[in-house]
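Asker: I'm passing along run-v2.cif; it holds mmCIF, N, CA and C atoms.
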data_coords
loop_
_atom_site.label_atom_id
_atom_site.label_comp_id
_atom_site.auth_asym_id
_atom_site.auth_seq_id
_atom_site.Cartn_x
_atom_site.Cartn_y
_atom_site.Cartn_z
N MET U 1 20.25 -18.91 -17.00
CA MET U 1 19.76 -17.69 -16.39
C MET U 1 18.69 -18.05 -15.36
N SER U 2 18.81 -17.54 -14.18
CA SER U 2 17.87 -17.83 -13.09
C SER U 2 16.77 -16.78 -13.06
N ALA U 3 15.51 -17.22 -13.19
CA ALA U 3 14.38 -16.30 -13.17
C ALA U 3 14.05 -15.89 -11.75
N THR U 4 13.62 -14.65 -11.59
CA THR U 4 13.15 -14.15 -10.30
C THR U 4 11.81 -13.46 -10.52
N ALA U 5 11.10 -13.25 -9.43
CA ALA U 5 9.81 -12.57 -9.51
C ALA U 5 9.73 -11.53 -8.40
N ILE U 6 9.19 -10.37 -8.76
CA ILE U 6 8.93 -9.31 -7.79
C ILE U 6 7.42 -9.26 -7.61
N GLY U 7 7.00 -9.33 -6.37
CA GLY U 7 5.59 -9.23 -6.04
C GLY U 7 5.32 -7.97 -5.23
N ILE U 8 4.28 -7.24 -5.62
CA ILE U 8 3.91 -6.00 -4.93
C ILE U 8 2.49 -6.17 -4.39
N ASP U 9 2.31 -5.90 -3.10
CA ASP U 9 0.99 -5.90 -2.48
C ASP U 9 0.69 -4.47 -2.08
N LEU U 10 -0.23 -3.85 -2.82
CA LEU U 10 -0.60 -2.46 -2.56
C LEU U 10 -1.73 -2.46 -1.55
N GLY U 11 -1.42 -2.15 -0.30
CA GLY U 11 -2.41 -2.16 0.76
C GLY U 11 -2.85 -0.77 1.16
N GLY U 12 -3.80 -0.72 2.05
CA GLY U 12 -4.34 0.56 2.50
C GLY U 12 -3.38 1.35 3.37
N THR U 13 -2.49 0.66 4.09
CA THR U 13 -1.56 1.37 4.98
C THR U 13 -0.10 1.21 4.58
N ARG U 14 0.21 0.15 3.84
CA ARG U 14 1.60 -0.03 3.42
C ARG U 14 1.68 -0.81 2.12
N ILE U 15 2.83 -0.67 1.49
CA ILE U 15 3.15 -1.40 0.27
C ILE U 15 4.19 -2.44 0.66
N LYS U 16 3.89 -3.69 0.36
CA LYS U 16 4.83 -4.77 0.63
C LYS U 16 5.40 -5.23 -0.70
N ALA U 17 6.71 -5.36 -0.77
CA ALA U 17 7.37 -5.81 -2.00
C ALA U 17 8.32 -6.94 -1.65
N VAL U 18 8.29 -7.99 -2.46
CA VAL U 18 9.18 -9.13 -2.23
C VAL U 18 9.87 -9.53 -3.52
N LEU U 19 11.04 -10.10 -3.38
CA LEU U 19 11.76 -10.70 -4.49
C LEU U 19 11.87 -12.18 -4.19
N LEU U 20 11.37 -12.99 -5.13
CA LEU U 20 11.40 -14.44 -4.98
C LEU U 20 12.35 -15.04 -6.01
N GLY U 21 13.08 -16.06 -5.58
CA GLY U 21 13.94 -16.78 -6.51
C GLY U 21 13.13 -17.77 -7.34
N ALA U 22 13.76 -18.37 -8.33
CA ALA U 22 13.09 -19.34 -9.21
C ALA U 22 12.53 -20.52 -8.42
N ASP U 23 13.12 -20.81 -7.27
CA ASP U 23 12.67 -21.91 -6.42
C ASP U 23 11.56 -21.50 -5.46
N GLY U 24 11.15 -20.20 -5.50
CA GLY U 24 10.09 -19.71 -4.62
C GLY U 24 10.58 -19.19 -3.29
N ASN U 25 11.87 -19.26 -3.04
CA ASN U 25 12.41 -18.76 -1.77
C ASN U 25 12.45 -17.24 -1.76
N LEU U 26 12.16 -16.66 -0.60
CA LEU U 26 12.20 -15.22 -0.40
C LEU U 26 13.65 -14.76 -0.37
N LEU U 27 13.99 -13.83 -1.26
CA LEU U 27 15.35 -13.31 -1.33
C LEU U 27 15.48 -11.96 -0.65
N HIS U 28 14.48 -11.09 -0.84
CA HIS U 28 14.49 -9.76 -0.23
C HIS U 28 13.04 -9.32 -0.04
N GLN U 29 12.84 -8.41 0.92
CA GLN U 29 11.51 -7.84 1.12
C GLN U 29 11.63 -6.39 1.58
N LEU U 30 10.64 -5.59 1.20
CA LEU U 30 10.60 -4.18 1.56
C LEU U 30 9.20 -3.82 2.03
N TYR U 31 9.10 -2.87 2.94
CA TYR U 31 7.81 -2.33 3.38
C TYR U 31 7.92 -0.82 3.35
N THR U 32 6.90 -0.16 2.85
CA THR U 32 6.86 1.30 2.83
C THR U 32 5.42 1.76 3.04
N PRO U 33 5.20 2.89 3.70
CA PRO U 33 3.83 3.38 3.90
C PRO U 33 3.16 3.71 2.57
N THR U 34 1.88 3.44 2.47
CA THR U 34 1.12 3.77 1.26
C THR U 34 0.95 5.27 1.13
N GLN U 35 0.75 5.97 2.23
CA GLN U 35 0.56 7.42 2.26
C GLN U 35 -0.63 7.84 1.39
N ASP U 36 -1.81 7.35 1.78
CA ASP U 36 -3.03 7.68 1.06
C ASP U 36 -3.23 9.19 0.96
N GLY U 37 -3.94 9.60 -0.05
CA GLY U 37 -4.27 11.01 -0.22
C GLY U 37 -3.62 11.64 -1.43
N ASP U 38 -2.48 11.17 -1.81
CA ASP U 38 -1.79 11.71 -2.97
C ASP U 38 -1.37 10.54 -3.86
N ASP U 39 -2.04 10.39 -5.00
CA ASP U 39 -1.78 9.26 -5.89
C ASP U 39 -0.31 9.16 -6.30
N SER U 40 0.34 10.30 -6.53
CA SER U 40 1.71 10.25 -7.01
C SER U 40 2.66 9.64 -5.97
N VAL U 41 2.35 9.78 -4.69
CA VAL U 41 3.24 9.26 -3.65
C VAL U 41 3.29 7.73 -3.69
N TRP U 42 2.12 7.07 -3.69
CA TRP U 42 2.16 5.61 -3.68
C TRP U 42 2.66 5.06 -5.01
N LYS U 43 2.37 5.75 -6.11
CA LYS U 43 2.87 5.28 -7.41
C LYS U 43 4.40 5.33 -7.45
N HIS U 44 4.96 6.40 -6.94
CA HIS U 44 6.42 6.50 -6.90
C HIS U 44 7.02 5.49 -5.91
N ALA U 45 6.32 5.21 -4.83
CA ALA U 45 6.80 4.23 -3.86
C ALA U 45 6.86 2.84 -4.48
N VAL U 46 5.85 2.48 -5.28
CA VAL U 46 5.85 1.18 -5.97
C VAL U 46 7.01 1.12 -6.95
N ALA U 47 7.18 2.17 -7.75
CA ALA U 47 8.27 2.20 -8.73
C ALA U 47 9.63 2.11 -8.04
N ALA U 48 9.79 2.80 -6.92
CA ALA U 48 11.07 2.77 -6.19
C ALA U 48 11.33 1.37 -5.62
N ALA U 49 10.29 0.71 -5.12
CA ALA U 49 10.46 -0.64 -4.58
C ALA U 49 10.90 -1.61 -5.67
N VAL U 50 10.27 -1.51 -6.84
CA VAL U 50 10.65 -2.39 -7.96
C VAL U 50 12.10 -2.12 -8.36
N GLN U 51 12.47 -0.86 -8.48
CA GLN U 51 13.85 -0.53 -8.86
C GLN U 51 14.85 -1.04 -7.82
N GLU U 52 14.51 -0.91 -6.55
CA GLU U 52 15.43 -1.38 -5.51
C GLU U 52 15.60 -2.89 -5.57
N LEU U 53 14.51 -3.62 -5.75
CA LEU U 53 14.61 -5.08 -5.81
C LEU U 53 15.29 -5.56 -7.09
N LYS U 54 15.12 -4.82 -8.17
CA LYS U 54 15.75 -5.23 -9.44
C LYS U 54 17.26 -5.22 -9.37
N GLN U 55 17.84 -4.49 -8.43
CA GLN U 55 19.30 -4.47 -8.32
C GLN U 55 19.84 -5.84 -7.91
N TYR U 56 18.99 -6.71 -7.37
CA TYR U 56 19.40 -8.05 -6.95
C TYR U 56 19.12 -9.10 -8.03
N CYS U 57 18.63 -8.68 -9.19
CA CYS U 57 18.18 -9.61 -10.23
C CYS U 57 19.14 -9.63 -11.42
N THR U 58 19.07 -10.73 -12.15
CA THR U 58 19.76 -10.81 -13.43
C THR U 58 18.95 -10.02 -14.45
N PRO U 59 19.56 -9.10 -15.19
CA PRO U 59 18.79 -8.31 -16.16
C PRO U 59 18.00 -9.19 -17.12
N GLY U 60 16.74 -8.84 -17.32
CA GLY U 60 15.88 -9.56 -18.25
C GLY U 60 15.30 -10.85 -17.73
N ALA U 61 15.58 -11.19 -16.47
CA ALA U 61 15.12 -12.46 -15.94
C ALA U 61 14.10 -12.28 -14.81
N THR U 62 13.40 -11.15 -14.80
CA THR U 62 12.49 -10.85 -13.71
C THR U 62 11.10 -10.51 -14.24
N VAL U 63 10.09 -11.04 -13.57
CA VAL U 63 8.71 -10.66 -13.84
C VAL U 63 8.20 -9.91 -12.62
N VAL U 64 7.23 -9.01 -12.83
CA VAL U 64 6.67 -8.22 -11.75
C VAL U 64 5.16 -8.41 -11.74
N GLY U 65 4.61 -8.67 -10.56
CA GLY U 65 3.17 -8.77 -10.39
C GLY U 65 2.72 -7.86 -9.27
N ILE U 66 1.51 -7.33 -9.39
CA ILE U 66 0.98 -6.43 -8.37
C ILE U 66 -0.43 -6.87 -8.00
N SER U 67 -0.73 -6.76 -6.72
CA SER U 67 -2.09 -7.04 -6.26
C SER U 67 -2.58 -5.83 -5.47
N ALA U 68 -3.89 -5.58 -5.58
CA ALA U 68 -4.51 -4.48 -4.85
C ALA U 68 -5.94 -4.88 -4.56
N PRO U 69 -6.50 -4.44 -3.43
CA PRO U 69 -7.85 -4.84 -3.07
C PRO U 69 -8.92 -4.20 -3.95
N GLY U 70 -8.58 -3.17 -4.67
CA GLY U 70 -9.52 -2.48 -5.56
C GLY U 70 -8.80 -1.33 -6.23
N LEU U 71 -9.49 -0.64 -7.08
CA LEU U 71 -8.87 0.49 -7.74
C LEU U 71 -8.68 1.63 -6.74
N PRO U 72 -7.47 2.23 -6.70
CA PRO U 72 -7.17 3.22 -5.67
C PRO U 72 -7.84 4.58 -5.81
N ASN U 73 -8.53 4.86 -6.90
CA ASN U 73 -9.22 6.15 -6.95
C ASN U 73 -10.60 6.02 -7.59
N LYS U 74 -11.43 7.01 -7.38
CA LYS U 74 -12.82 6.94 -7.83
C LYS U 74 -12.98 7.05 -9.34
N ASN U 75 -11.94 7.49 -10.05
CA ASN U 75 -12.01 7.62 -11.51
C ASN U 75 -11.60 6.34 -12.24
N ASN U 76 -11.24 5.31 -11.49
CA ASN U 76 -10.78 4.04 -12.07
C ASN U 76 -9.60 4.23 -13.02
N SER U 77 -8.73 5.17 -12.71
CA SER U 77 -7.62 5.47 -13.59
C SER U 77 -6.26 5.15 -12.98
N ALA U 78 -6.21 4.73 -11.75
CA ALA U 78 -4.92 4.47 -11.12
C ALA U 78 -4.90 3.11 -10.49
#
For the file at hand, write its structure as structure tokens.
Answerer:
Amino acid sequence: MSATAIGIDLGGTRIKAVLLGADGNLLHQLYTPTQDGDDSVWKHAVAAAVQELKQYCTPGATVVGISAPGLPNKNNSA
């Protein structure tokens, strides 16, 4: 079974998502606007990106990591 990794970079203006193979090679990438102002929009965009990239993966062989410059809301809940 070949392991893959999905990486999410949650930025101020866009969300970057990549799928990497076990060898570290880039297999797929997606970009979508962050659309600040409504927490549910960026959360759904991240979930949709992960689901889209998972279609290229072997089931059960994928890890997901996310990076963000800080917590996206003042309540430290998102």
Asker: How would you write, as a PyMOL selection string, the set of residues in chain U that DSSP gives as strand (DSSP E or B)?
Answerer: chain U and resi 4-10+14-20+26-33+62-67
Asker: Could you give me, as JSON, numbers by chain, the residues that sit within 6.5 Å of (0.8, -9.0, -8.1) in the file's coordinates, counting all atoms listed in the file?
Answerer: {"U": [7, 8, 9, 64, 65, 66, 67, 68]}
Asker: Report the residues retrieved by the PyMOL selection byres ((chain U and resi 60) around 8) from the displayed file, expressed as a ChimeraX atom specification.
Answerer: /U:2-4,57-59,61-63
Asker: Suppose we keep N, CA and C atoms; can you now write the selection as a PDB file, in the coordinates of the input?
Answerer:
ATOM      1  N   SER U   2      18.810 -17.540 -14.180  1.00  0.00           N
ATOM      2  CA  SER U   2      17.870 -17.830 -13.090  1.00  0.00           C
ATOM      3  C   SER U   2      16.770 -16.780 -13.060  1.00  0.00           C
ATOM      4  N   ALA U   3      15.510 -17.220 -13.190  1.00  0.00           N
ATOM      5  CA  ALA U   3      14.380 -16.300 -13.170  1.00  0.00           C
ATOM      6  C   ALA U   3      14.050 -15.890 -11.750  1.00  0.00           C
ATOM      7  N   THR U   4      13.620 -14.650 -11.590  1.00  0.00           N
ATOM      8  CA  THR U   4      13.150 -14.150 -10.300  1.00  0.00           C
ATOM      9  C   THR U   4      11.810 -13.460 -10.520  1.00  0.00           C
ATOM     10  N   CYS U  57      18.630  -8.680  -9.190  1.00  0.00           N
ATOM     11  CA  CYS U  57      18.180  -9.610 -10.230  1.00  0.00           C
ATOM     12  C   CYS U  57      19.140  -9.630 -11.420  1.00  0.00           C
ATOM     13  N   THR U  58      19.070 -10.730 -12.150  1.00  0.00           N
ATOM     14  CA  THR U  58      19.760 -10.810 -13.430  1.00  0.00           C
ATOM     15  C   THR U  58      18.950 -10.020 -14.450  1.00  0.00           C
ATOM     16  N   PRO U  59      19.560  -9.100 -15.190  1.00  0.00           N
ATOM     17  CA  PRO U  59      18.790  -8.310 -16.160  1.00  0.00           C
ATOM     18  C   PRO U  59      18.000  -9.190 -17.120  1.00  0.00           C
ATOM     19  N   ALA U  61      15.580 -11.190 -16.470  1.00  0.00           N
ATOM     20  CA  ALA U  61      15.120 -12.460 -15.940  1.00  0.00           C
ATOM     21  C   ALA U  61      14.100 -12.280 -14.810  1.00  0.00           C
ATOM     22  N   THR U  62      13.400 -11.150 -14.800  1.00  0.00           N
ATOM     23  CA  THR U  62      12.490 -10.850 -13.710  1.00  0.00           C
ATOM     24  C   THR U  62      11.100 -10.510 -14.240  1.00  0.00           C
ATOM     25  N   VAL U  63      10.090 -11.040 -13.570  1.00  0.00           N
ATOM     26  CA  VAL U  63       8.710 -10.660 -13.840  1.00  0.00           C
ATOM     27  C   VAL U  63       8.200  -9.910 -12.620  1.00  0.00           C
TER      28      VAL U  63
END
Asker: Using only C-alpha atoms, which residue out of U:Ala5, U:Leu10, U:Ile15, U:Pro69 lies closest to His28 of chain U?
Answerer: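 Distance minimum relative to His28 of chain U lands on U:Ala5.
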Asker: Grab the atom N of Lys54 of chain U to atom C of Leu19 of chain U distance for me, in Å with one decimal place.
Answerer: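 Computing it gives 9.0 Å between the two atoms.
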